[in-house]
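Heads up, the thing below is written out as structure tokens.
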Amino acid sequence: MLKDQVILITGAAEGLGAELALQLAALGADLILLDKQVKKLEALSDQIAQTYSSLPALYPLNLAGATLEDYQKLACTVTAEYGQLDVLVHCAAAFVGFTPFEHFDAKTWYELLQANLNGPAFLTQACLTLLQNSDRSRLVFVTDRADENHALRGSYGVSKAAMDSLMKILADEYNNKIAVFGFDPGAMQTSLRVRMYPADPTTPPLPEQAA
């Protein structure tokens, strides 16, 4: 179904990103998997290669510390290696813990905004030409509306609310060229969920269902 389509997934090493990569590989997509967790990326690549006989491209990058030059270099690499990009999915998310605003240190505030908002924004900007040149382009932002505007969320909540706004702005701005979506998967069994709610008595769905 997705043969000859090039799809870039951020936050691909685990959780929703990894499950999405597995399902897209099964549909024949050419995958570019981005994450800062190199060993987990390599393990996922091995799993895809063994199961589907396809080898995804791995792109180690930490969005919290990435620069504009890093994103431009990524876009140039995709252009050189594939000549196209049909889908960009922003699954990456950073969270450190619920913190009262008065105790939120500047370094953590900045890093979470970089990883959750600025990174996706500037990566999207770098890839716009590639996406606009595709006749089937899709741009997907994974949102978290349940944790946008509540106490103790700090810059995680701010960044997720802003990402939701960014998605709507881009959908309106590029509605004739790129299909832009926001997708809120709800609660899932992920490491981020465990950091948020370590004593959660419920059992959320697995990421593969959301994928």
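The way I read the labels, and the way they are meant: chains A, B, ... in the order of the structure tokens, residue 1 as the first residue of every chain, and ligand 1 as the first ligand shown, with later ones counted on from there.
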_What's around Thr129 (chain A) at 10 Å? Count only C-alpha atoms, leave out sequence neighbours fewer than 3 positions away in its own chain, and write the answer as a list in words._
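Returned residues: Ala75, Thr79, Gln84, Leu85, Thr124, Gln125, Ala126, Gln132, Asn133 and Ser134 of chain A.
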*Polymer residues at most 9 Å from Ala146 (chain A), only C-alpha atoms, same-chain spacing of 4 or more positions, as a ChimeraX atom specification*: /A:150,184,186-187
Mind writing the picked residues with N, CA, C and O atoms as a short mmCIF file (atom, residue, chain, number, x, y, z; two decimals), in the first residue's frame?
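again-v4.cif written:
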```cif
data_model
loop_
_atom_site.label_atom_id
_atom_site.label_comp_id
_atom_site.auth_asym_id
_atom_site.auth_seq_id
_atom_site.Cartn_x
_atom_site.Cartn_y
_atom_site.Cartn_z
N HIS A 150 -3.01 22.04 32.25
CA HIS A 150 -3.28 21.70 33.64
C HIS A 150 -2.08 22.00 34.53
O HIS A 150 -0.96 22.17 34.05
N ASP A 184 -4.21 12.89 18.55
CA ASP A 184 -4.05 12.69 19.99
C ASP A 184 -4.34 11.22 20.30
O ASP A 184 -5.49 10.80 20.26
N GLY A 186 -4.19 9.62 23.06
CA GLY A 186 -4.68 9.33 24.40
C GLY A 186 -3.64 8.56 25.21
O GLY A 186 -2.47 8.45 24.81
N ALA A 187 -4.04 8.04 26.34
CA ALA A 187 -3.12 7.31 27.22
C ALA A 187 -2.64 6.03 26.55
O ALA A 187 -3.42 5.30 25.93
#
```
*asked:* So that I can see what lies close to Leu58 (chain A), please list as a count of residues only the residues with an atom at most 7 Å from it, counting only C-alpha atoms and leaving out residues fewer than 5 positions away in the same chain.
replied: 4
_strand (DSSP E or B) call set, DSSP backbone run, region 142-186 of chain A, as a PyMOL selection string_ = chain A and resi 142+179-183
Write to file, as a PDB file, in the first residue's frame, the residues of the selection just made, with N, CA, C and O atoms.
```
ATOM      1  N   VAL A 142       1.768  14.535  16.640  1.00  0.00           N
ATOM      2  CA  VAL A 142       1.145  13.787  17.735  1.00  0.00           C
ATOM      3  C   VAL A 142       0.970  14.739  18.904  1.00  0.00           C
ATOM      4  O   VAL A 142       1.937  15.245  19.472  1.00  0.00           O
ATOM      5  N   ALA A 179      -1.374  17.781   3.309  1.00  0.00           N
ATOM      6  CA  ALA A 179      -2.419  17.386   4.250  1.00  0.00           C
ATOM      7  C   ALA A 179      -1.817  17.370   5.653  1.00  0.00           C
ATOM      8  O   ALA A 179      -0.913  16.590   5.933  1.00  0.00           O
ATOM      9  N   VAL A 180      -2.292  18.258   6.508  1.00  0.00           N
ATOM     10  CA  VAL A 180      -1.730  18.416   7.855  1.00  0.00           C
ATOM     11  C   VAL A 180      -2.726  17.890   8.877  1.00  0.00           C
ATOM     12  O   VAL A 180      -3.912  18.241   8.848  1.00  0.00           O
ATOM     13  N   PHE A 181      -2.222  17.069   9.794  1.00  0.00           N
ATOM     14  CA  PHE A 181      -3.087  16.444  10.790  1.00  0.00           C
ATOM     15  C   PHE A 181      -2.505  16.589  12.196  1.00  0.00           C
ATOM     16  O   PHE A 181      -1.296  16.609  12.377  1.00  0.00           O
ATOM     17  N   GLY A 182      -3.397  16.648  13.170  1.00  0.00           N
ATOM     18  CA  GLY A 182      -3.014  16.486  14.567  1.00  0.00           C
ATOM     19  C   GLY A 182      -3.677  15.219  15.071  1.00  0.00           C
ATOM     20  O   GLY A 182      -4.860  14.978  14.804  1.00  0.00           O
ATOM     21  N   PHE A 183      -2.928  14.396  15.763  1.00  0.00           N
ATOM     22  CA  PHE A 183      -3.478  13.125  16.261  1.00  0.00           C
ATOM     23  C   PHE A 183      -3.163  12.990  17.740  1.00  0.00           C
ATOM     24  O   PHE A 183      -1.998  12.998  18.138  1.00  0.00           O
TER      25      PHE A 183
END
```
*Which polymer residues have any atom within 7 Å of an atom of Gly154 (chain A), counting only C-alpha atoms, with same-chain residues fewer than 3 positions away left out, as a ChimeraX atom specification?*
/A:99,101,157-158
Taking C-alpha atoms for each residue, export the selection above as a PDB file, in the first residue's frame.
```
ATOM      1  CA  THR A  99       6.816  20.535  38.655  1.00  0.00           C
ATOM      2  CA  PHE A 101       5.967  26.681  38.054  1.00  0.00           C
ATOM      3  CA  GLY A 157       2.045  21.542  28.603  1.00  0.00           C
ATOM      4  CA  VAL A 158       2.969  24.856  26.955  1.00  0.00           C
TER       5      VAL A 158
END
```
*asked:* I'd like the contact shell of region 4-13 of chain A - 6 Å cut-off, only C-alpha atoms, skipping same-chain residues fewer than 6 positions apart - returned as a ChimeraX atom specification.
replied: /A:29-35,40-41,85-92
*asked:* Just list as number ranges by chain whatever in region 40-194 of chain A DSSP marks as helix (DSSP H, G or I).
replied: A: 40-52, 68-81, 101-103, 106-132, 145-147, 154-173, 191-194
_Best match for closeness to Leu44 (chain A) among A:Leu192, A:Ala26, A:Ala66, A:Ala18, counting only C-alpha atoms_ = A:Ala18
*In Å to one decimal, how far is CA of Asn116 (chain A) from CA of Met163 (chain A)?*
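Calculated distance between CA of Met163 (chain A) and CA of Asn116 (chain A) is 7.7 Å.
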*Interatomic distance between CA of Tyr71 (chain A) and CA of Lys36 (chain A)?*
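Interatomic distance here is 14.1 Å.
Minimum atom-to-atom distances from A:Thr203, A:Thr51, A:Ser137, A:Thr143 to Ser165 (chain A) were compared using only C-alpha atoms, and the lowest value belongs to A:Thr143.
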*Any idea what's packed within 9 Å of Pro100 (chain A), counting only C-alpha atoms, ignoring anything in its chain fewer than 3 positions away? Could you give it as a list in words?*
His103, Phe104, Ala151, Leu152, Arg153 and Gly154 of chain A
*For Leu117 (chain A), list every protein, DNA or RNA residue within 8 Å, evaluated using only C-alpha atoms, and leave out those in the same chain fewer than 2 positions away; present the list as a count of residues only.*
11
*What is the CA of Leu16 (chain A) to CA of Thr108 (chain A) distance in Å?*
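Between these atoms lies a distance of 23.6 Å.
With only C-alpha atoms as the atoms that count, the residue of A:Cys127, A:Asn175, A:Val140, A:Asp200 with the shortest distance to Asp70 (chain A) is A:Cys127.
When only C-alpha atoms are used to measure the gap to Lys39 (chain A), the shortest distance among A:Tyr59, A:Phe122, A:Tyr110, A:Tyr156 belongs to A:Tyr59.
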